[in-house]
Amino acid sequence: MSEFLPVSASNDDQLGNQDDQPGLNAGGEGANASSMQRLLTEALRVSVCRAPRWDGMPASPGLIAGLMFLYLLTHIALQRVMIIGPAQFYWQVFASGWFYFAALAWVCYRLRPVRLDGQQAHSRQISTSIAPDASHLFTLALAQDLVLNVVLMSVSALLVRAGWYDLSGFSLRMRWLVYLAPSALALFIQLLFLWRAGDRRKPGMLVVVVVMLTALGLDAGTRSMNFWYPRQPAKSNEDAADKSPEITQEVFEQQAALLARKLAEIQPQRPGTVDLYSLTFAPYGEENVFLNETSMVSQVMAQRFDAQGRSLQLANNPGTMTSLPWATPLNLQRAIAHIATRMDVNEDILFMHLSSHGASDGELSAGMWPLTIKPVTPADLKQWLDDAGVKYRVISISACYAGNWVAPLSDANTLVMTASDADHTSYGCGSKSDLTFFGRAMYDEQLRKQTLSFEAAHAAARPIIKQREEVAGKSDGYSNPQIAVGEQIRARLKLLEQRLQAQKPAKAGDVAALKTGPS
């Protein structure tokens, strides 16, 4: 049943019997159009922080459905406008993202649980901005949400089309600030509206704020799926990350067999020889830079550190779906456990290089839509290494805020080196980069060509990275790569270095011919 609030409520009977007035029910297309126009007009007012006016305000299931339809229609259209070039539509997204609307409906009922009776309606003239009931409050809140969404997404679309929305040169904190600013502004405007339209009781409003902040946090903290994604032909590995992969049952079955085969190919240890086993991990599959870097590092380990046949790459990338096992926490745990059975854990060294975006709490970004992948933490990695019984460890973390990994992993038998300290971003991890600044200086230049010492390479790479960051205009200061070396691993690495130097050196042409594609 459609409801309209009367233009004036001069007595209890008029308000109490409004649902039975023939002229106030949904009587046709003209009435529905007029109701929607009235709603959207008022929504525009409250979206610029004006007090709501409830006289003559409509509310009905049909209007709510119409508002939801308009919201989805405009959201889909504006998302498409924000993608330049061909795009692919994903209808499955209709099943996600409804928590916010459920939270909004709940807070409206929390603020106005019952309809005003006649006496309350008369006293309501003192504060005409208070909503008469939850249905009217929810209807206008939906209309306001529609208006705010259209305005903010239209601004974003204009910036994208004008080429002014490139965040690749920003620090991670600035990217989050730019990402959250429109949502925070919309939330503030909507909370102001709910305060004015509700009972204005502080305890109840505090609950509403917590619920709405939780809804915003869930939306920001989980990777929300979009209706549209760029559609570009994957002509090479460089183009692979620009399209979303098609993950079928056959792919899942191939991946299981692929991991088993790659693990079986790892060669056993050689008694009396300090062997280095290499394991690289690139969990973020939407940018090729991490695959490029881990592939290059894996090849440097094979060519310079005699790890050929004793190395394994785990990577998430649309271009390596059938050639490399996925970089998931479970695959990483299984790989560590299996490598431990092939090496002499009291003699050999396990080298690990993890490359991804990093968060300020130490988590490494992980994902390759539509796969949902849990991020790896320092505590996870330490537990898996301890469980496998691996004694000598060289762990390299190429990510923002990677310094968070140093303290949890450091001990006498471990070398930990990172691309940044715990308070700064690293650099060169954008979609246009071939390698990160750390990966290029540390591995592609120092360990590939200059030295077999991880400590010496790290020391030499630091000033090079600093100089390149200054030239690039890095905004949040020097990344400040970190290193911590235990005495036992230092002695073990010295033995490895001496063995490698005693071997016949690789020809210069062989070194120069190394490529950065997946092995």
# chains A, B, ... in the order shown; residues from 1 in each chain; ligands from 1
>>> residues_around(residues="Ala197 in chain A", least_positions_apart="3", cutoff="12 Å", atoms="only C-alpha atoms", output="PyMOL selection string")
chain A and resi 46+49-54+107-112+124+127-134+136-138+140-141+190-194+200-201+205
>>> atom_distance(atom1="CA of Met36 in chain A", atom2="CA of Leu142 in chain A")
11.6 Å
>>> atom_distance(atom1="CA of Ile84 in chain A", atom2="CA of Ala472 in chain A")
26.8 Å
>>> closest_residue(among="A:Met442, A:Val147, A:Ala459, A:Leu70", to="Leu44 in chain A", atoms="only C-alpha atoms")
A:Val147
>>> residues_around(residues="Arg462 in chain A", least_positions_apart="3", cutoff="10 Å", atoms="only C-alpha atoms", output="VMD selection string")
chain A and resid 419 to 420 437 to 438 441 to 442 457 to 459 465 to 467 478 to 482
>>> select_by_dssp(residues="range 203-435 of chain A", states="strand (DSSP E)", output="PyMOL selection string")
chain A and resi 228-230+276-282+311-315+349-355+392-398+414-418
